[in-house]
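S.K.: input-v2.cif is reproduced in full below (mmCIF, C-alpha atoms, pLDDT in the B column; chains and numbers go by the auth columns).
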```
data_model
loop_
_atom_site.group_PDB
_atom_site.id
_atom_site.type_symbol
_atom_site.label_atom_id
_atom_site.label_comp_id
_atom_site.label_asym_id
_atom_site.label_seq_id
_atom_site.Cartn_x
_atom_site.Cartn_y
_atom_site.Cartn_z
_atom_site.B_iso_or_equiv
_atom_site.auth_seq_id
_atom_site.auth_asym_id
ATOM 1 C CA ILE A 1 -48.455 -7.180 12.698 91.00 1 T
ATOM 2 C CA ALA A 2 -45.259 -7.737 10.716 89.00 2 T
ATOM 3 C CA GLY A 3 -44.699 -11.034 12.548 86.00 3 T
ATOM 4 C CA LEU A 4 -48.220 -12.212 11.762 90.00 4 T
ATOM 5 C CA ILE A 5 -47.871 -11.386 8.051 94.00 5 T
ATOM 6 C CA HIS A 6 -44.416 -12.961 7.973 88.00 6 T
ATOM 7 C CA ALA A 7 -45.668 -16.212 9.472 88.00 7 T
ATOM 8 C CA GLY A 8 -48.449 -16.302 6.881 92.00 8 T
ATOM 9 C CA TRP A 9 -46.245 -15.933 3.835 92.00 9 T
ATOM 10 C CA ASN A 10 -43.730 -18.452 5.220 89.00 10 T
ATOM 11 C CA ILE A 11 -46.496 -21.066 5.285 91.00 11 T
ATOM 12 C CA VAL A 12 -47.114 -20.260 1.608 94.00 12 T
ATOM 13 C CA VAL A 13 -43.379 -20.621 0.882 93.00 13 T
ATOM 14 C CA LYS A 14 -43.330 -24.018 2.596 91.00 14 T
ATOM 15 C CA LYS A 15 -46.269 -25.179 0.452 92.00 15 T
ATOM 16 C CA ALA A 16 -44.546 -23.922 -2.712 92.00 16 T
ATOM 17 C CA ALA A 17 -41.479 -26.131 -2.049 89.00 17 T
ATOM 18 C CA GLY A 18 -39.439 -23.900 -4.322 90.00 18 T
ATOM 19 C CA ASP A 19 -35.738 -23.231 -4.806 94.00 19 T
ATOM 20 C CA ALA A 20 -33.658 -20.276 -6.038 95.00 20 T
ATOM 21 C CA ARG A 21 -35.913 -19.994 -9.084 96.00 21 T
ATOM 22 C CA PHE A 22 -38.896 -19.424 -6.808 96.00 22 T
ATOM 23 C CA ALA A 23 -36.876 -16.665 -5.126 96.00 23 T
ATOM 24 C CA PHE A 24 -36.428 -15.111 -8.578 97.00 24 T
ATOM 25 C CA PHE A 25 -40.172 -15.332 -9.301 97.00 25 T
ATOM 26 C CA THR A 26 -41.043 -13.528 -6.075 97.00 26 T
ATOM 27 C CA ALA A 27 -38.411 -10.792 -6.518 97.00 27 T
ATOM 28 C CA PHE A 28 -39.489 -10.218 -10.132 97.00 28 T
ATOM 29 C CA LEU A 29 -43.165 -9.983 -9.154 97.00 29 T
ATOM 30 C CA MET A 30 -42.311 -7.607 -6.287 97.00 30 T
ATOM 31 C CA MET A 31 -40.468 -5.426 -8.778 96.00 31 T
ATOM 32 C CA LEU A 32 -43.542 -5.274 -11.029 96.00 32 T
ATOM 33 C CA ILE A 33 -46.353 -5.077 -8.468 96.00 33 T
ATOM 34 C CA TRP A 34 -44.778 -2.374 -6.325 96.00 34 T
ATOM 35 C CA ALA A 35 -43.378 -0.373 -9.263 96.00 35 T
ATOM 36 C CA PRO A 36 -45.910 2.508 -8.900 96.00 36 T
ATOM 37 C CA VAL A 37 -44.975 2.971 -5.240 94.00 37 T
ATOM 38 C CA GLY A 38 -41.255 2.664 -5.988 94.00 38 T
ATOM 39 C CA TRP A 39 -41.467 5.195 -8.821 95.00 39 T
ATOM 40 C CA TRP A 40 -43.556 7.664 -6.820 95.00 40 T
ATOM 41 C CA LEU A 41 -41.227 7.673 -3.816 92.00 41 T
ATOM 42 C CA GLY A 42 -37.973 7.244 -5.708 91.00 42 T
ATOM 43 C CA ARG A 43 -38.361 9.623 -8.644 90.00 43 T
ATOM 44 C CA SER A 44 -36.425 12.327 -6.814 87.00 44 T
ATOM 45 C CA GLU A 45 -34.843 10.616 -3.805 90.00 45 T
ATOM 46 C CA VAL A 46 -32.900 7.883 -5.615 92.00 46 T
ATOM 47 C CA LEU A 47 -31.082 10.489 -7.702 89.00 47 T
ATOM 48 C CA ARG A 48 -29.704 11.998 -4.491 91.00 48 T
ATOM 49 C CA TRP A 49 -28.274 8.715 -3.218 94.00 49 T
ATOM 50 C CA GLY A 50 -24.502 8.609 -2.828 94.00 50 T
ATOM 51 C CA GLY A 51 -22.018 5.768 -2.536 94.00 51 T
ATOM 52 C CA LEU A 52 -23.072 4.812 0.996 95.00 52 T
ATOM 53 C CA GLU A 53 -26.740 4.421 0.054 95.00 53 T
ATOM 54 C CA TRP A 54 -25.942 2.236 -2.948 96.00 54 T
ATOM 55 C CA VAL A 55 -23.554 0.070 -0.928 97.00 55 T
ATOM 56 C CA LEU A 56 -26.328 -0.462 1.636 96.00 56 T
ATOM 57 C CA VAL A 57 -28.897 -1.312 -1.066 96.00 57 T
ATOM 58 C CA VAL A 58 -26.579 -3.812 -2.767 97.00 58 T
ATOM 59 C CA SER A 59 -25.547 -5.350 0.569 96.00 59 T
ATOM 60 C CA SER A 60 -29.188 -5.672 1.592 95.00 60 T
ATOM 61 C CA GLY A 61 -30.080 -7.280 -1.741 95.00 61 T
ATOM 62 C CA VAL A 62 -27.268 -9.830 -1.502 96.00 62 T
ATOM 63 C CA LEU A 63 -28.140 -10.736 2.097 95.00 63 T
ATOM 64 C CA HIS A 64 -31.823 -11.114 1.183 94.00 64 T
ATOM 65 C CA VAL A 65 -30.933 -13.537 -1.618 95.00 65 T
ATOM 66 C CA VAL A 66 -28.745 -15.716 0.618 94.00 66 T
ATOM 67 C CA TYR A 67 -31.370 -15.654 3.377 93.00 67 T
ATOM 68 C CA PHE A 68 -34.260 -16.630 1.103 93.00 68 T
ATOM 69 C CA VAL A 69 -32.383 -19.362 -0.761 93.00 69 T
ATOM 70 C CA VAL A 70 -31.181 -20.953 2.505 92.00 70 T
ATOM 71 C CA LEU A 71 -34.704 -20.692 3.947 91.00 71 T
ATOM 72 C CA LEU A 72 -36.222 -22.330 0.857 91.00 72 T
ATOM 73 C CA ARG A 73 -33.739 -25.192 1.037 91.00 73 T
ATOM 74 C CA GLY A 74 -34.469 -25.641 4.733 90.00 74 T
ATOM 75 C CA TYR A 75 -38.200 -25.887 4.038 90.00 75 T
ATOM 76 C CA ARG A 76 -37.555 -28.551 1.398 89.00 76 T
ATOM 77 C CA LYS A 77 -35.316 -30.595 3.688 87.00 77 T
ATOM 78 C CA ALA A 78 -37.020 -30.226 7.091 86.00 78 T
ATOM 79 C CA ASP A 79 -40.209 -29.292 8.903 84.00 79 T
ATOM 80 C CA LEU A 80 -41.574 -25.757 9.151 82.00 80 T
ATOM 81 C CA THR A 81 -42.064 -26.243 12.903 81.00 81 T
ATOM 82 C CA VAL A 82 -38.298 -26.616 13.350 83.00 82 T
ATOM 83 C CA VAL A 83 -36.834 -24.301 10.688 87.00 83 T
ATOM 84 C CA TYR A 84 -39.136 -21.323 11.201 85.00 84 T
ATOM 85 C CA PRO A 85 -38.868 -20.951 15.024 83.00 85 T
ATOM 86 C CA LEU A 86 -35.094 -21.405 14.951 83.00 86 T
ATOM 87 C CA ALA A 87 -34.653 -18.915 12.112 85.00 87 T
ATOM 88 C CA ARG A 88 -36.959 -16.239 13.530 80.00 88 T
ATOM 89 C CA GLY A 89 -35.905 -16.738 17.135 80.00 89 T
ATOM 90 C CA SER A 90 -32.143 -16.845 16.668 81.00 90 T
ATOM 91 C CA GLY A 91 -32.258 -13.769 14.425 78.00 91 T
ATOM 92 C CA PRO A 92 -33.137 -11.337 17.254 76.00 92 T
ATOM 93 C CA LEU A 93 -30.520 -12.961 19.505 81.00 93 T
ATOM 94 C CA PHE A 94 -27.781 -12.456 16.904 84.00 94 T
ATOM 95 C CA SER A 95 -29.055 -8.956 16.017 79.00 95 T
ATOM 96 C CA CYS A 96 -29.054 -7.777 19.639 83.00 96 T
ATOM 97 C CA THR A 97 -25.550 -9.180 20.139 84.00 97 T
ATOM 98 C CA VAL A 98 -24.228 -7.244 17.138 82.00 98 T
ATOM 99 C CA ALA A 99 -26.075 -4.076 18.214 80.00 99 T
ATOM 100 C CA ILE A 100 -24.481 -4.248 21.674 84.00 100 T
ATOM 101 C CA VAL A 101 -20.961 -5.218 20.586 85.00 101 T
ATOM 102 C CA PHE A 102 -20.559 -3.127 17.411 80.00 102 T
ATOM 103 C CA LEU A 103 -23.184 -0.358 17.504 76.00 103 T
ATOM 104 C CA GLY A 104 -22.817 0.624 21.135 80.00 104 T
ATOM 105 C CA GLU A 105 -26.457 0.051 22.095 81.00 105 T
ATOM 106 C CA ARG A 106 -27.234 -0.787 25.716 84.00 106 T
ATOM 107 C CA LEU A 107 -29.600 -3.455 26.970 84.00 107 T
ATOM 108 C CA SER A 108 -31.232 -3.505 30.394 88.00 108 T
ATOM 109 C CA MET A 109 -31.637 -6.585 32.541 90.00 109 T
ATOM 110 C CA LEU A 110 -35.259 -6.641 31.449 91.00 110 T
ATOM 111 C CA GLY A 111 -34.033 -6.658 27.846 86.00 111 T
ATOM 112 C CA PHE A 112 -31.728 -9.598 28.550 86.00 112 T
ATOM 113 C CA ALA A 113 -34.666 -11.381 30.189 91.00 113 T
ATOM 114 C CA GLY A 114 -36.696 -10.703 27.048 87.00 114 T
ATOM 115 C CA ILE A 115 -34.019 -12.274 24.845 84.00 115 T
ATOM 116 C CA ALA A 116 -33.876 -15.293 27.159 86.00 116 T
ATOM 117 C CA GLY A 117 -37.657 -15.560 26.913 88.00 117 T
ATOM 118 C CA VAL A 118 -37.521 -15.470 23.104 82.00 118 T
ATOM 119 C CA VAL A 119 -34.782 -18.107 22.922 79.00 119 T
ATOM 120 C CA GLY A 120 -36.563 -20.329 25.444 84.00 120 T
ATOM 121 C CA GLY A 121 -39.853 -19.906 23.610 83.00 121 T
ATOM 122 C CA VAL A 122 -38.203 -20.838 20.313 79.00 122 T
ATOM 123 C CA PHE A 123 -36.806 -24.002 21.889 77.00 123 T
ATOM 124 C CA LEU A 124 -40.256 -24.955 23.189 82.00 124 T
ATOM 125 C CA ILE A 125 -42.043 -24.181 19.900 78.00 125 T
ATOM 126 C CA ALA A 126 -39.496 -26.222 17.953 73.00 126 T
ATOM 127 C CA GLY A 127 -40.248 -29.218 20.175 74.00 127 T
ATOM 128 C CA GLY A 128 -38.595 -28.585 23.537 73.00 128 T
ATOM 129 C CA PRO A 129 -37.118 -31.728 25.139 76.00 129 T
ATOM 130 C CA ASN A 130 -38.790 -33.772 22.408 74.00 130 T
ATOM 131 C CA LEU A 131 -36.403 -32.135 19.931 70.00 131 T
ATOM 132 C CA TRP A 132 -33.426 -33.853 21.573 68.00 132 T
ATOM 133 C CA ARG A 133 -35.257 -37.183 21.653 71.00 133 T
ATOM 134 C CA ALA A 134 -36.206 -36.824 17.985 67.00 134 T
ATOM 135 C CA ALA A 135 -32.569 -36.048 17.150 66.00 135 T
ATOM 136 C CA ARG A 136 -31.675 -39.543 18.450 70.00 136 T
ATOM 137 C CA ASP A 137 -34.584 -41.286 16.727 71.00 137 T
ATOM 138 C CA PRO A 138 -33.350 -42.951 13.505 70.00 138 T
ATOM 139 C CA MET A 139 -36.697 -42.225 11.807 68.00 139 T
ATOM 140 C CA ALA A 140 -36.776 -38.472 12.602 68.00 140 T
ATOM 141 C CA ARG A 141 -33.105 -37.693 13.180 74.00 141 T
ATOM 142 C CA ASP A 142 -32.252 -36.505 9.685 79.00 142 T
ATOM 143 C CA ARG A 143 -35.146 -34.040 9.386 77.00 143 T
ATOM 144 C CA VAL A 144 -34.479 -32.564 12.838 78.00 144 T
ATOM 145 C CA ARG A 145 -30.786 -32.124 12.135 80.00 145 T
ATOM 146 C CA GLN A 146 -31.538 -30.598 8.742 84.00 146 T
ATOM 147 C CA GLY A 147 -33.969 -28.207 10.435 83.00 147 T
ATOM 148 C CA VAL A 148 -31.285 -27.057 12.875 82.00 148 T
ATOM 149 C CA PHE A 149 -28.648 -26.997 10.127 84.00 149 T
ATOM 150 C CA TYR A 150 -30.694 -24.614 7.961 89.00 150 T
ATOM 151 C CA GLY A 151 -32.639 -22.796 10.688 87.00 151 T
ATOM 152 C CA LEU A 152 -29.667 -21.319 12.539 87.00 152 T
ATOM 153 C CA PRO A 153 -27.803 -20.033 9.424 90.00 153 T
ATOM 154 C CA THR A 154 -31.083 -18.486 8.255 89.00 154 T
ATOM 155 C CA GLY A 155 -31.316 -16.734 11.625 88.00 155 T
ATOM 156 C CA ALA A 156 -27.733 -15.487 11.185 90.00 156 T
ATOM 157 C CA MET A 157 -28.631 -14.060 7.764 90.00 157 T
ATOM 158 C CA ILE A 158 -31.713 -12.403 9.260 87.00 158 T
ATOM 159 C CA ALA A 159 -29.450 -10.795 11.865 87.00 159 T
ATOM 160 C CA CYS A 160 -26.982 -9.536 9.251 89.00 160 T
ATOM 161 C CA ASP A 161 -29.799 -8.139 7.137 89.00 161 T
ATOM 162 C CA THR A 162 -31.434 -6.541 10.191 86.00 162 T
ATOM 163 C CA VAL A 163 -28.208 -4.765 11.156 87.00 163 T
ATOM 164 C CA VAL A 164 -27.498 -3.525 7.604 93.00 164 T
ATOM 165 C CA ASP A 165 -31.061 -2.385 6.929 93.00 165 T
ATOM 166 C CA GLY A 166 -31.425 -0.977 10.443 89.00 166 T
ATOM 167 C CA TYR A 167 -28.319 1.128 9.855 91.00 167 T
ATOM 168 C CA ALA A 168 -29.710 2.241 6.472 94.00 168 T
ATOM 169 C CA VAL A 169 -33.054 3.489 7.788 93.00 169 T
ATOM 170 C CA LYS A 170 -31.886 4.762 11.176 90.00 170 T
ATOM 171 C CA TRP A 171 -28.454 6.289 10.554 88.00 171 T
ATOM 172 C CA ALA A 172 -28.373 6.825 6.777 92.00 172 T
ATOM 173 C CA ALA A 173 -32.018 8.065 6.904 90.00 173 T
ATOM 174 C CA MET A 174 -33.063 6.034 3.852 94.00 174 T
ATOM 175 C CA SER A 175 -36.705 5.374 3.057 93.00 175 T
ATOM 176 C CA PRO A 176 -37.652 1.870 4.281 94.00 176 T
ATOM 177 C CA ILE A 177 -39.921 1.395 1.274 94.00 177 T
ATOM 178 C CA LEU A 178 -37.251 2.414 -1.240 95.00 178 T
ATOM 179 C CA LEU A 179 -34.557 0.356 0.471 95.00 179 T
ATOM 180 C CA ASP A 180 -36.688 -2.762 0.124 95.00 180 T
ATOM 181 C CA TYR A 181 -38.028 -1.978 -3.355 96.00 181 T
ATOM 182 C CA VAL A 182 -34.739 -1.039 -5.050 96.00 182 T
ATOM 183 C CA GLY A 183 -33.170 -4.099 -3.452 95.00 183 T
ATOM 184 C CA ASN A 184 -35.442 -6.183 -5.690 95.00 184 T
ATOM 185 C CA PHE A 185 -33.396 -5.142 -8.740 96.00 185 T
ATOM 186 C CA VAL A 186 -30.282 -6.508 -7.028 96.00 186 T
ATOM 187 C CA ARG A 187 -32.088 -9.735 -6.144 97.00 187 T
ATOM 188 C CA VAL A 188 -33.443 -10.205 -9.667 97.00 188 T
ATOM 189 C CA GLY A 189 -29.981 -9.640 -11.156 96.00 189 T
ATOM 190 C CA LEU A 190 -28.347 -12.152 -8.816 96.00 190 T
ATOM 191 C CA LEU A 191 -31.030 -14.825 -9.281 97.00 191 T
ATOM 192 C CA ALA A 192 -31.593 -14.448 -13.048 97.00 192 T
ATOM 193 C CA PRO A 193 -28.841 -16.962 -14.005 96.00 193 T
ATOM 194 C CA THR A 194 -30.720 -19.727 -12.149 95.00 194 T
ATOM 195 C CA VAL A 195 -33.653 -19.191 -14.508 96.00 195 T
ATOM 196 C CA LEU A 196 -31.691 -18.532 -17.700 96.00 196 T
ATOM 197 C CA ARG A 197 -29.608 -21.671 -17.212 94.00 197 T
ATOM 198 C CA ALA A 198 -32.647 -23.869 -17.959 95.00 198 T
ATOM 199 C CA PRO A 199 -35.540 -21.667 -19.165 95.00 199 T
ATOM 200 C CA THR A 200 -37.830 -24.584 -20.060 96.00 200 T
ATOM 201 C CA ALA A 201 -37.591 -26.105 -16.586 96.00 201 T
ATOM 202 C CA ALA A 202 -38.042 -22.637 -15.075 96.00 202 T
ATOM 203 C CA TRP A 203 -41.221 -22.141 -17.115 96.00 203 T
ATOM 204 C CA VAL A 204 -42.632 -25.452 -15.834 96.00 204 T
ATOM 205 C CA LEU A 205 -41.931 -24.334 -12.267 96.00 205 T
ATOM 206 C CA TRP A 206 -43.458 -20.914 -12.952 97.00 206 T
ATOM 207 C CA CYS A 207 -46.717 -22.507 -14.137 96.00 207 T
ATOM 208 C CA ARG A 208 -46.791 -24.562 -10.938 95.00 208 T
ATOM 209 C CA GLN A 209 -45.667 -21.916 -8.447 96.00 209 T
ATOM 210 C CA TRP A 210 -46.758 -18.477 -9.714 96.00 210 T
ATOM 211 C CA ARG A 211 -49.758 -18.285 -7.352 96.00 211 T
ATOM 212 C CA TYR A 212 -47.527 -18.877 -4.324 97.00 212 T
ATOM 213 C CA ALA A 213 -44.977 -16.381 -5.644 96.00 213 T
ATOM 214 C CA LEU A 214 -47.723 -13.798 -6.127 97.00 214 T
ATOM 215 C CA VAL A 215 -48.889 -14.116 -2.514 96.00 215 T
ATOM 216 C CA VAL A 216 -45.315 -13.734 -1.244 96.00 216 T
ATOM 217 C CA ALA A 217 -44.719 -10.756 -3.548 96.00 217 T
ATOM 218 C CA LEU A 218 -47.841 -9.024 -2.251 96.00 218 T
ATOM 219 C CA PHE A 219 -47.370 -9.560 1.466 96.00 219 T
ATOM 220 C CA SER A 220 -43.660 -10.073 2.141 94.00 220 T
ATOM 221 C CA PRO A 221 -42.692 -6.426 1.417 95.00 221 T
ATOM 222 C CA VAL A 222 -45.484 -5.172 3.689 95.00 222 T
ATOM 223 C CA ALA A 223 -44.166 -7.222 6.614 93.00 223 T
ATOM 224 C CA TYR A 224 -40.567 -6.177 6.093 92.00 224 T
ATOM 225 C CA VAL A 225 -41.286 -2.488 5.551 93.00 225 T
ATOM 226 C CA LEU A 226 -43.244 -2.499 8.832 94.00 226 T
ATOM 227 C CA VAL A 227 -40.164 -3.961 10.535 90.00 227 T
ATOM 228 C CA LEU A 228 -37.940 -1.290 8.973 91.00 228 T
ATOM 229 C CA TYR A 229 -40.259 1.505 10.131 91.00 229 T
ATOM 230 C CA ALA A 230 -40.223 -0.010 13.620 90.00 230 T
ATOM 231 C CA MET A 231 -36.420 -0.032 13.630 85.00 231 T
ATOM 232 C CA LYS A 232 -36.375 3.543 12.367 85.00 232 T
ATOM 233 C CA GLU A 233 -38.451 4.675 15.342 85.00 233 T
ATOM 234 C CA ALA A 234 -37.040 2.396 18.071 76.00 234 T
#
```
Render the structure in this file as structure tokens.

M.R.:
Amino acid sequence: IAGLIHAGWNIVVKKAAGDARFAFFTAFLMMLIWAPVGWWLGRSEVLRWGGLEWVLVVSSGVLHVVYFVVLLRGYRKADLTVVYPLARGSGPLFSCTVAIVFLGERLSMLGFAGIAGVVGGVFLIAGGPNLWRAARDPMARDRVRQGVFYGLPTGAMIACDTVVDGYAVKWAAMSPILLDYVGNFVRVGLLAPTVLRAPTAAWVLWCRQWRYALVVALFSPVAYVLVLYAMKEA
């Protein structure tokens, strides 16, 4: 379900063709829309957070910003059909590698076969053998290379964020909803200078993109919180 919702809001992001200012719009709207839920769950729990919890929240917020800004740039420079499969498919590969090497988790042969299936599926979705041919075609070469250039780093950021947030909900026993919601304050603080630097231009973009930002703000947290609950249980 999380994957289905995630694919939907990524299509909206591609249509928005936004940059870091669009990332600010979405984080700000998430902060407002989900405020009742954040207040209800956090009114007592946040006060009990110690240094570890705040380090995890800030780290998660920073990683989310880098991930979203790189993803947005990739969507402006290349095709969704290349960037999205590479980003979402390489993320699990990197995440599983980190979990095995640094967190001591074990993977069965069936698990390794599953990873190989995901990676192979990503390659086929992104174009399969045609991807290599397109990379040599002067007309399509630049967009394919840009898709790979931004897709794989986005996958790496997804992996980093997955490991940090997975540790937060599984080992630090933090609320998945609060981890994601409070992280919005970090994201808004980091992205605010991009808006304040040229407020008039930002306002023009807001008038053009607020509907897309609203859709992302409504559905993106639902998808990610579902992922966090899955990691908490699995």

S.K.: Would you mind listing what lies within 10 Å of Phe149 in chain T as a list in words, with only C-alpha atoms counted and same-chain residues fewer than 6 positions away left out?

M.R.: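 Contacts, with the query itself left out: Gly74, Lys77, Ala78, Val83, Leu86 and Arg143 of chain T.
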
S.K.: Counting all atoms listed in the file, figure out which residue out of T:Arg187, T:Lys170, T:Arg136, T:Arg141 gets nearest to Phe28 in chain T.

M.R.: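 Going through T:Arg187, T:Lys170, T:Arg136, T:Arg141 one by one, the smallest distance to Phe28 in chain T is for T:Arg187.
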
S.K.: Compare T:Ala202, T:Val57, T:Ile33, T:Ala20 by their minimum atom-to-atom distance to Val69 in chain T, counting only C-alpha atoms, and give me the closest one.

M.R.: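 Nearest candidate to Val69 in chain T out of T:Ala202, T:Val57, T:Ile33, T:Ala20: T:Ala20.
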
S.K.: Do a neighbour search on Met231 in chain T at 10 Å with all atoms listed in the file, toss out local chain neighbours closer than 4 positions, and write the hits as a ChimeraX atom specification.

M.R.: /T:162-163,165-167,169-170,176,225-227

S.K.: Selected by the PyMOL selection byres ((chain T and resi 39-47) around 9) in the shown coordinates: which residues, as a PDB file with C-alpha atoms, in the coordinates of the input?

M.R.:
```pdb
ATOM      1  CA  TRP T  34     -44.778  -2.374  -6.325  1.00 96.00           C
ATOM      2  CA  ALA T  35     -43.378  -0.373  -9.263  1.00 96.00           C
ATOM      3  CA  PRO T  36     -45.910   2.508  -8.900  1.00 96.00           C
ATOM      4  CA  VAL T  37     -44.975   2.971  -5.240  1.00 94.00           C
ATOM      5  CA  GLY T  38     -41.255   2.664  -5.988  1.00 94.00           C
ATOM      6  CA  ARG T  48     -29.704  11.998  -4.491  1.00 91.00           C
ATOM      7  CA  TRP T  49     -28.274   8.715  -3.218  1.00 94.00           C
ATOM      8  CA  GLY T  50     -24.502   8.609  -2.828  1.00 94.00           C
ATOM      9  CA  SER T 175     -36.705   5.374   3.057  1.00 93.00           C
ATOM     10  CA  ILE T 177     -39.921   1.395   1.274  1.00 94.00           C
ATOM     11  CA  LEU T 178     -37.251   2.414  -1.240  1.00 95.00           C
ATOM     12  CA  VAL T 182     -34.739  -1.039  -5.050  1.00 96.00           C
TER      13      VAL T 182
END
```

S.K.: Between CA of Arg21 in chain T and CA of Arg145 in chain T, what is the distance in Å, rounded to a tenth?

M.R.: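 These two atoms are separated by 25.0 Å.
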
S.K.: Using CA of Glu105 in chain T and CA of Phe68 in chain T as the two end points, give the distance in Å to one decimal.

M.R.: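 Separation of CA of Glu105 in chain T and CA of Phe68 in chain T: 27.9 Å.
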
S.K.: Report as a list in words all protein, DNA and RNA residues lying within 8 Å of Gly151 in chain T, evaluated on only C-alpha atoms, omitting residues in the same chain fewer than 4 positions from it.

M.R.: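 Counting only the stated atoms, we get Leu71, Gly74, Val82, Val83, Tyr84, Pro85, Leu86, Ala87, Gly147 and Gly155 of chain T.
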
S.K.: Name the residues that the PyMOL selection byres ((chain T and resi 14) around 10) pulls out of this structure, and write them as an MDAnalysis selection string.

M.R.: chainID T and resid 9:13 15:18 71:76 78:80 84 212

S.K.: So the first atom is CA of Phe24 in chain T and the second is CA of Ala213 in chain T; what is the distance between them in Å, to one decimal place?

M.R.: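 Separating CA of Phe24 in chain T from CA of Ala213 in chain T is a distance of 9.1 Å.
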
S.K.: Apply the PyMOL selection byres ((chain T and resi 60) around 10) to the file shown and report the selected residues as a list in words.

M.R.: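 What the PyMOL selection byres ((chain T and resi 60) around 10) grabs from the file is Trp54, Val55, Leu56, Val57, Val58, Ser59, Gly61, Val62, Leu63, His64, Val65, Cys160, Asp161, Thr162, Val163, Val164, Asp165, Ala168, Leu179, Asp180, Val182, Gly183, Asn184, Val186 and Arg187 of chain T.
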
S.K.: With C-alpha atoms retained, could you export that selection as a PDB file, in the frame of the given file?

M.R.:
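Result written to part_6.pdb:
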```pdb
ATOM      1  CA  TRP T  54     -25.942   2.236  -2.948  1.00 96.00           C
ATOM      2  CA  VAL T  55     -23.554   0.070  -0.928  1.00 97.00           C
ATOM      3  CA  LEU T  56     -26.328  -0.462   1.636  1.00 96.00           C
ATOM      4  CA  VAL T  57     -28.897  -1.312  -1.066  1.00 96.00           C
ATOM      5  CA  VAL T  58     -26.579  -3.812  -2.767  1.00 97.00           C
ATOM      6  CA  SER T  59     -25.547  -5.350   0.569  1.00 96.00           C
ATOM      7  CA  GLY T  61     -30.080  -7.280  -1.741  1.00 95.00           C
ATOM      8  CA  VAL T  62     -27.268  -9.830  -1.502  1.00 96.00           C
ATOM      9  CA  LEU T  63     -28.140 -10.736   2.097  1.00 95.00           C
ATOM     10  CA  HIS T  64     -31.823 -11.114   1.183  1.00 94.00           C
ATOM     11  CA  VAL T  65     -30.933 -13.537  -1.618  1.00 95.00           C
ATOM     12  CA  CYS T 160     -26.982  -9.536   9.251  1.00 89.00           C
ATOM     13  CA  ASP T 161     -29.799  -8.139   7.137  1.00 89.00           C
ATOM     14  CA  THR T 162     -31.434  -6.541  10.191  1.00 86.00           C
ATOM     15  CA  VAL T 163     -28.208  -4.765  11.156  1.00 87.00           C
ATOM     16  CA  VAL T 164     -27.498  -3.525   7.604  1.00 93.00           C
ATOM     17  CA  ASP T 165     -31.061  -2.385   6.929  1.00 93.00           C
ATOM     18  CA  ALA T 168     -29.710   2.241   6.472  1.00 94.00           C
ATOM     19  CA  LEU T 179     -34.557   0.356   0.471  1.00 95.00           C
ATOM     20  CA  ASP T 180     -36.688  -2.762   0.124  1.00 95.00           C
ATOM     21  CA  VAL T 182     -34.739  -1.039  -5.050  1.00 96.00           C
ATOM     22  CA  GLY T 183     -33.170  -4.099  -3.452  1.00 95.00           C
ATOM     23  CA  ASN T 184     -35.442  -6.183  -5.690  1.00 95.00           C
ATOM     24  CA  VAL T 186     -30.282  -6.508  -7.028  1.00 96.00           C
ATOM     25  CA  ARG T 187     -32.088  -9.735  -6.144  1.00 97.00           C
TER      26      ARG T 187
END
```

S.K.: May I have a table of the residues of range 117-180 of chain T lying at most 6 Å from range 91-95 of chain T, giving each one's closest pair of atoms and their distance in Å to one decimal, counting all atoms listed in the file, ordered by chain and ascending residue number, as a Markdown table?

M.R.:
```
| residue | atom | partner | partner_atom | distance |
| --- | --- | --- | --- | --- |
| T:Gly155 | CA | T:Gly91 | CA | 4.2 |
| T:Ala156 | CA | T:Gly91 | CA | 5.8 |
| T:Ile158 | CA | T:Gly91 | CA | 5.4 |
| T:Ala159 | CA | T:Ser95 | CA | 4.6 |
```

S.K.: So, counting only C-alpha atoms, which residue among T:Ile125, T:Leu110, T:Ala2, T:Cys96 is closest to Pro221 in chain T?

M.R.: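 Closest candidate: T:Ala2.
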
S.K.: With distances taken over all atoms listed in the file, which of T:Trp171, T:Tyr224, T:Phe25, T:Trp210 is nearest to Thr194 in chain T?

M.R.: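 The closest residue to Thr194 in chain T is T:Phe25.
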
S.K.: Mind giving me the axis-aligned box for range 175-184 of chain T with 8 Å on every side, centre plus edges in Å to one decimal, as AutoDock Vina command-line options?

M.R.:
```
--center_x -36.5 --center_y -0.4 --center_z -0.7 --size_x 22.8 --size_y 27.6 --size_z 26.0
```
